[in-house]
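A quick write-up on the structure given underneath.
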Amino acid sequence: MNLNPELTRALRTTLPARRAFFIFAATLALVLIGGGLVWNGYQVPQNLNPNQMAYHNEADQLRWAGRDMREILEVILFGLFFIIAPATAALTFVQEKLRGTYIFQQMMLLAPARLATGKFIGSGLLTYFIAAIVFPFYIVAAVVGEQSIIEIVRISLLLIIGGLSCQAVGLLISAVVAGYGEKMSRGSLLIAPVVAFASAVAAISVRPYCLSSYGYVKGEYGIGSLYTWDFYGVPLPYFTMILALFAFVGAWAFVGTIRRINENQLVPVSPRPVWLFIVSAQFILVGLLWGWGANAKPLQSLNQFIMLNWLALSILAAAIAVTRGNLRELLSATTHRDANQILRQRNITDAAKTFAVWLVSSLVGLVALWYSFHVQLVGFPANLALTAQLAPIVLSFILAVVTVAALVQLCALYRFRLGAWSGILFAVLFYLITGVAGAMHTSPRNTFSLINPIHFTEQLCKDDAFLIREHDLERV
């Protein structure tokens with residue numbers, strides 16, 4: 001059988017036969033000992049009188065012990081899938097670079113997709129092995145603890161889809177970090193706890209939605225409020241949307257890892273997959289913020305869309321900024337250029353096109369979002385307010401993006417220690433100063449405050465009946 005070479009190496013180094021047997025025996029023993037201790041904790045005392053014994057029976061003891069054991073095993077599984085697996089994936093390429101064996105990854109004839117697959121599975125091999133031992137006991141404890149089948153299925157799906165997604169993100173970050181510079185310091189190992197912390201926060205944030213049945217939340221007084229998330233006006237359960245977002249992020253993170261491996265091997269790559277990711281991400285973001293939902297806040301949604309795209313475009317501008325050397329090569333009139341110069345010039349051109357695609361797609365999304373807030377209301381005629389509100393908002397957004405991008409590019413041409421990222425820090429400092437200066441004025445419509453496109457949008461639309469929730473308008 002032709003196994004993936006990277007996966008074969010991981011099997012031989014991570015899980016040889018003796019180590020696998022030891023891990024299996026140790027995990028099994030710890031789970032059984034833990035279950036015995038939990039069971040003994042609910043043993044009925046022998047010195048109780050008949051009236052007290054009426055409140056204790058073996059069925060309750062079994063249910064309480066199963067509930068506690070389920071909670072313990074669930075924490076272990078979440079730790080394996082959302083902390084250990086992403087952290088080990090984040091160290092995959094970084095450790096290769098620190099050991100000096102990363103050059104062999106670039107010289108391998110293995111296809112980037114197979115290399116990424118081997119790294120992905122190999123980095124989580126030990127985690128998968130331990131989880132496979134623990135998971136059957138978790139199912140038994142959940143059934144004994146009388147947890148609903150729906151909740152068991154939901155948590156299992158979250159563990160698999162969410163955990164694999166976070167692991168794919170960790171692998172992408174490792175590939176990106178390993179691709180910079182000839183040498184790496186050991187401080188780069190800190191990306192592992194950062195990725196683990198971010199994955200743990202994501203797991204803690206979304207887990208409560210797995211404990212609801214058919215979208216309803218179990219409260220102290222029974223089944224309560226419905227948790228739904230509108231996607232282009234269609235109400236969907238939060239849990240479904242969470243799994244879909246995890247799958248979207250994980251799939252694109254894995255594609256990004258393959259692309260990064262190609263770039264590290266100096267293989268020309270097409271910018272079209274990046275453009276497809278940008279368009280699909282904008283489509284999903286607009287759908288999540290679309291229209292007048294049950295709990296919609298249109299003006300807040302509009303500001304969130306502007307803020308997210310503004311930050312993303314600023315980070316993209318810093319990532320693709322052209323340094324002095326690259327600019328000199330780009331403007332050089334030399335006809336004889338080596339392959340590296342041609343490849344760098346092509347990358348600069350593709351990066352500029354990518355920035356333009358993101359800017360145009362964000363403008364299209366902004367107009368579409370504006371449209372969704374202004375045509376679905378009863379009692380008000382459809383009025384898009386194109387010249388009075390939408391055009392100034394679009395112009396202010398473009399001006400803010402272009403200004404920050406120009407500042408970032410200017411910093412990239414100078415010899416700052418942080419390079420282009422200094423422009424991001426200067427932009428943040430500028431908006432902090434103008435925000436403080438604007439807060440000192442009695443009127444919110446002052447020059448310092450209106451420089452910020454978010455505040456400008458709020459002041460321009462604060463009397464717009466289509467965007468203010470307090471009007472309590474009905475949705476068509």
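We name chains A, B, ... following the order of the structure tokens; residues begin at 1 in each chain, and ligands are numbered from 1 as shown.
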Run DSSP on the backbone of this structure and report the residues of segment 123-309 of chain A it assigns to strand (DSSP E or B), as number ranges by chain.
A: 213, 216-219, 222-226, 228-231, 234-237
How about saving the chosen residues, C-alpha atoms kept, as a tab-separated table (two decimals), in the first residue's frame?
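Saved file part-v5.tsv follows:
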chain	number	residue	atom	x	y	z
A	213	SER	CA	-32.29	20.88	21.55
A	216	TYR	CA	-33.87	25.91	22.05
A	217	VAL	CA	-31.84	26.67	25.13
A	218	LYS	CA	-32.40	24.66	28.29
A	219	GLY	CA	-32.84	27.05	31.18
A	222	GLY	CA	-37.39	24.46	31.11
A	223	ILE	CA	-36.94	25.10	27.42
A	224	GLY	CA	-36.60	28.79	26.63
A	225	SER	CA	-35.57	31.19	23.90
A	226	LEU	CA	-34.83	30.18	20.33
A	228	THR	CA	-31.32	31.43	15.39
A	229	TRP	CA	-29.05	33.32	13.05
A	230	ASP	CA	-30.48	34.85	9.89
A	231	PHE	CA	-28.54	34.13	6.70
A	234	VAL	CA	-33.44	32.66	6.35
A	235	PRO	CA	-33.42	31.82	10.08
A	236	LEU	CA	-31.00	28.98	10.83
A	237	PRO	CA	-30.01	27.46	14.19
To one decimal place, how far is atom CA of Gln167 of chain A from atom CA of Ala85 of chain A in Å?
5.9 Å
Show me, as a PDB file with N, CA and C atoms, in the first residue's frame, the residues that have an atom within 10 Å of Glu146 of chain A when counting only C-alpha atoms, minus same-chain residues fewer than 6 positions from it.
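Everything below was put into result_4.pdb:
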ATOM      1  N   LEU A  62     -26.144   5.998  39.781  1.00  0.00           N
ATOM      2  CA  LEU A  62     -25.610   5.717  38.455  1.00  0.00           C
ATOM      3  C   LEU A  62     -25.745   6.928  37.544  1.00  0.00           C
ATOM      4  N   ARG A  63     -26.884   7.613  37.616  1.00  0.00           N
ATOM      5  CA  ARG A  63     -27.094   8.781  36.760  1.00  0.00           C
ATOM      6  C   ARG A  63     -26.146   9.911  37.129  1.00  0.00           C
ATOM      7  N   TRP A  64     -25.976  10.173  38.424  1.00  0.00           N
ATOM      8  CA  TRP A  64     -25.085  11.268  38.858  1.00  0.00           C
ATOM      9  C   TRP A  64     -23.629  10.951  38.515  1.00  0.00           C
ATOM     10  N   GLY A  66     -22.574   8.983  36.081  1.00  0.00           N
ATOM     11  CA  GLY A  66     -22.441   9.100  34.638  1.00  0.00           C
ATOM     12  C   GLY A  66     -22.379  10.547  34.188  1.00  0.00           C
ATOM     13  N   ARG A  67     -23.165  11.418  34.816  1.00  0.00           N
ATOM     14  CA  ARG A  67     -23.140  12.841  34.446  1.00  0.00           C
ATOM     15  C   ARG A  67     -21.781  13.459  34.737  1.00  0.00           C
ATOM     16  N   VAL A 140     -20.669   6.201  26.526  1.00  0.00           N
ATOM     17  CA  VAL A 140     -21.316   5.391  27.573  1.00  0.00           C
ATOM     18  C   VAL A 140     -21.702   6.258  28.762  1.00  0.00           C
TER      19      VAL A 140
END
Residue among A:Phe305, A:Tyr128, A:Phe248, A:Phe416 lying closest to Leu15 of chain A, counting only C-alpha atoms:
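That would be A:Tyr128, the residue with the smallest distance to Leu15 of chain A.
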Neighbouring residues of Arg207 of chain A were defined as those with any atom within 10 Å, considering only C-alpha atoms; residues of the same chain fewer than 5 positions away were excluded. Please report them as a list of chain:residue names.
A:Phe78, A:Arg154, A:Ile155, A:Leu158, A:Leu159, A:Ala202, A:Ser212, A:Phe239, A:Ile242
Atoms to include: N, CA and C atoms. Write the selected residues as a PDB file, in the first residue's frame.
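again-v7.pdb written:
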ATOM      1  N   PHE A  78     -12.282  17.988  24.592  1.00  0.00           N
ATOM      2  CA  PHE A  78     -12.131  19.366  24.111  1.00  0.00           C
ATOM      3  C   PHE A  78     -10.669  19.812  24.199  1.00  0.00           C
ATOM      4  N   ARG A 154     -24.386  16.607  18.657  1.00  0.00           N
ATOM      5  CA  ARG A 154     -23.907  17.966  18.422  1.00  0.00           C
ATOM      6  C   ARG A 154     -22.504  18.172  18.968  1.00  0.00           C
ATOM      7  N   ILE A 155     -22.256  17.724  20.163  1.00  0.00           N
ATOM      8  CA  ILE A 155     -20.926  17.891  20.748  1.00  0.00           C
ATOM      9  C   ILE A 155     -19.895  17.085  19.970  1.00  0.00           C
ATOM     10  N   LEU A 158     -19.124  19.003  16.857  1.00  0.00           N
ATOM     11  CA  LEU A 158     -18.302  20.172  17.175  1.00  0.00           C
ATOM     12  C   LEU A 158     -16.863  19.764  17.446  1.00  0.00           C
ATOM     13  N   LEU A 159     -16.667  18.652  18.156  1.00  0.00           N
ATOM     14  CA  LEU A 159     -15.315  18.179  18.420  1.00  0.00           C
ATOM     15  C   LEU A 159     -14.574  17.851  17.129  1.00  0.00           C
ATOM     16  N   ALA A 202     -12.417  29.826  21.306  1.00  0.00           N
ATOM     17  CA  ALA A 202     -13.462  29.500  20.331  1.00  0.00           C
ATOM     18  C   ALA A 202     -14.336  28.357  20.816  1.00  0.00           C
ATOM     19  N   SER A 212     -28.338  22.840  23.404  1.00  0.00           N
ATOM     20  CA  SER A 212     -29.738  23.158  23.146  1.00  0.00           C
ATOM     21  C   SER A 212     -30.329  22.117  22.206  1.00  0.00           C
ATOM     22  N   PHE A 239     -26.218  26.527  15.902  1.00  0.00           N
ATOM     23  CA  PHE A 239     -25.304  25.401  15.827  1.00  0.00           C
ATOM     24  C   PHE A 239     -24.965  25.061  14.376  1.00  0.00           C
ATOM     25  N   ILE A 242     -22.593  27.689  13.107  1.00  0.00           N
ATOM     26  CA  ILE A 242     -21.258  27.549  13.710  1.00  0.00           C
ATOM     27  C   ILE A 242     -20.468  26.452  13.025  1.00  0.00           C
TER      28      ILE A 242
END
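Between atom CA of Ala20 of chain A and atom CA of Ile33 of chain A lies a distance of 19.8 Å.
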Tell me which protein, DNA and RNA residues are within 10 Å of Ile72 of chain A, counting only C-alpha atoms, leaving out same-chain ones fewer than 5 positions away, and put them as a compact mmCIF listing (two decimals) with N, CA and C atoms, in the first residue's frame.
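This went into result.txt:
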# COMPACT_ATOMS: atom_id res chain seq x y z
N VAL A 31 -8.70 6.16 32.68
CA VAL A 31 -10.14 6.35 32.52
C VAL A 31 -10.90 5.44 33.48
N GLY A 34 -10.43 6.74 37.03
CA GLY A 34 -11.24 7.93 37.23
C GLY A 34 -12.71 7.61 37.37
N GLY A 35 -13.20 6.67 36.53
CA GLY A 35 -14.60 6.26 36.66
C GLY A 35 -14.90 5.62 38.00
N VAL A 38 -15.12 8.39 40.66
CA VAL A 38 -16.39 9.13 40.55
C VAL A 38 -17.53 8.28 41.10
N GLY A 66 -22.57 8.98 36.08
CA GLY A 66 -22.44 9.10 34.64
C GLY A 66 -22.38 10.55 34.19
N ARG A 67 -23.16 11.42 34.82
CA ARG A 67 -23.14 12.84 34.45
C ARG A 67 -21.78 13.46 34.74
N LEU A 77 -11.70 15.61 25.99
CA LEU A 77 -11.82 15.59 24.54
C LEU A 77 -11.68 16.99 23.95
N TYR A 138 -16.84 8.16 26.76
CA TYR A 138 -17.65 9.38 26.83
C TYR A 138 -19.09 9.09 26.39
N ALA A 141 -20.80 7.14 29.20
CA ALA A 141 -21.10 8.01 30.34
C ALA A 141 -22.25 8.95 30.02
As an exercise, work out the distance from atom CA of Gly122 of chain A to atom CA of Pro5 of chain A in Å and give it to one decimal place.
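Separation between atom CA of Gly122 of chain A and atom CA of Pro5 of chain A: 10.3 Å.
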Using only C-alpha atoms, which protein or nucleic acid residues come within 10 Å of Ile152 of chain A? Drop anything in the same chain fewer than 5 positions from it, and give the result as an MDAnalysis selection string.
chainID A and resid 138:139 142:143 147 157:158 210:211
Env of Phe129 of chain A: 10 Å cut, atoms = only C-alpha atoms, seq-sep filter 3 positions within chain, self excluded. Answer as a PyMOL selection string.
chain A and resi 15+20+23-24+124-126+132-134
Considering only C-alpha atoms, can you say which of A:Ala65, A:Val249, A:Ile130, A:Leu395 comes closest to Gly145 of chain A?
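Of A:Ala65, A:Val249, A:Ile130, A:Leu395, the one nearest Gly145 of chain A is A:Ala65, counting only C-alpha atoms.
Between Leu110 of chain A and the candidates A:Ile284, A:Ile258, A:Leu432, A:Val404, the tightest atom-to-atom separation, counting only C-alpha atoms, involves A:Ile258.
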Counting only C-alpha atoms, figure out which residue out of A:Ala59, A:Leu425, A:Leu30, A:Ile84 gets nearest to Ile315 of chain A.
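Selected residue with least distance to Ile315 of chain A: A:Leu425.
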As a PyMOL selection string, list the residues of segment 157-303 of chain A assigned to helix (DSSP H, G or I) by DSSP on the backbone atoms of this structure.
chain A and resi 157-178+186-211+238-264+272-288+298-303
Between A:Ser314, A:Thr240, A:Asn40, A:Gln389, smallest distance to Cys461 of chain A by only C-alpha atoms belongs to A:Gln389
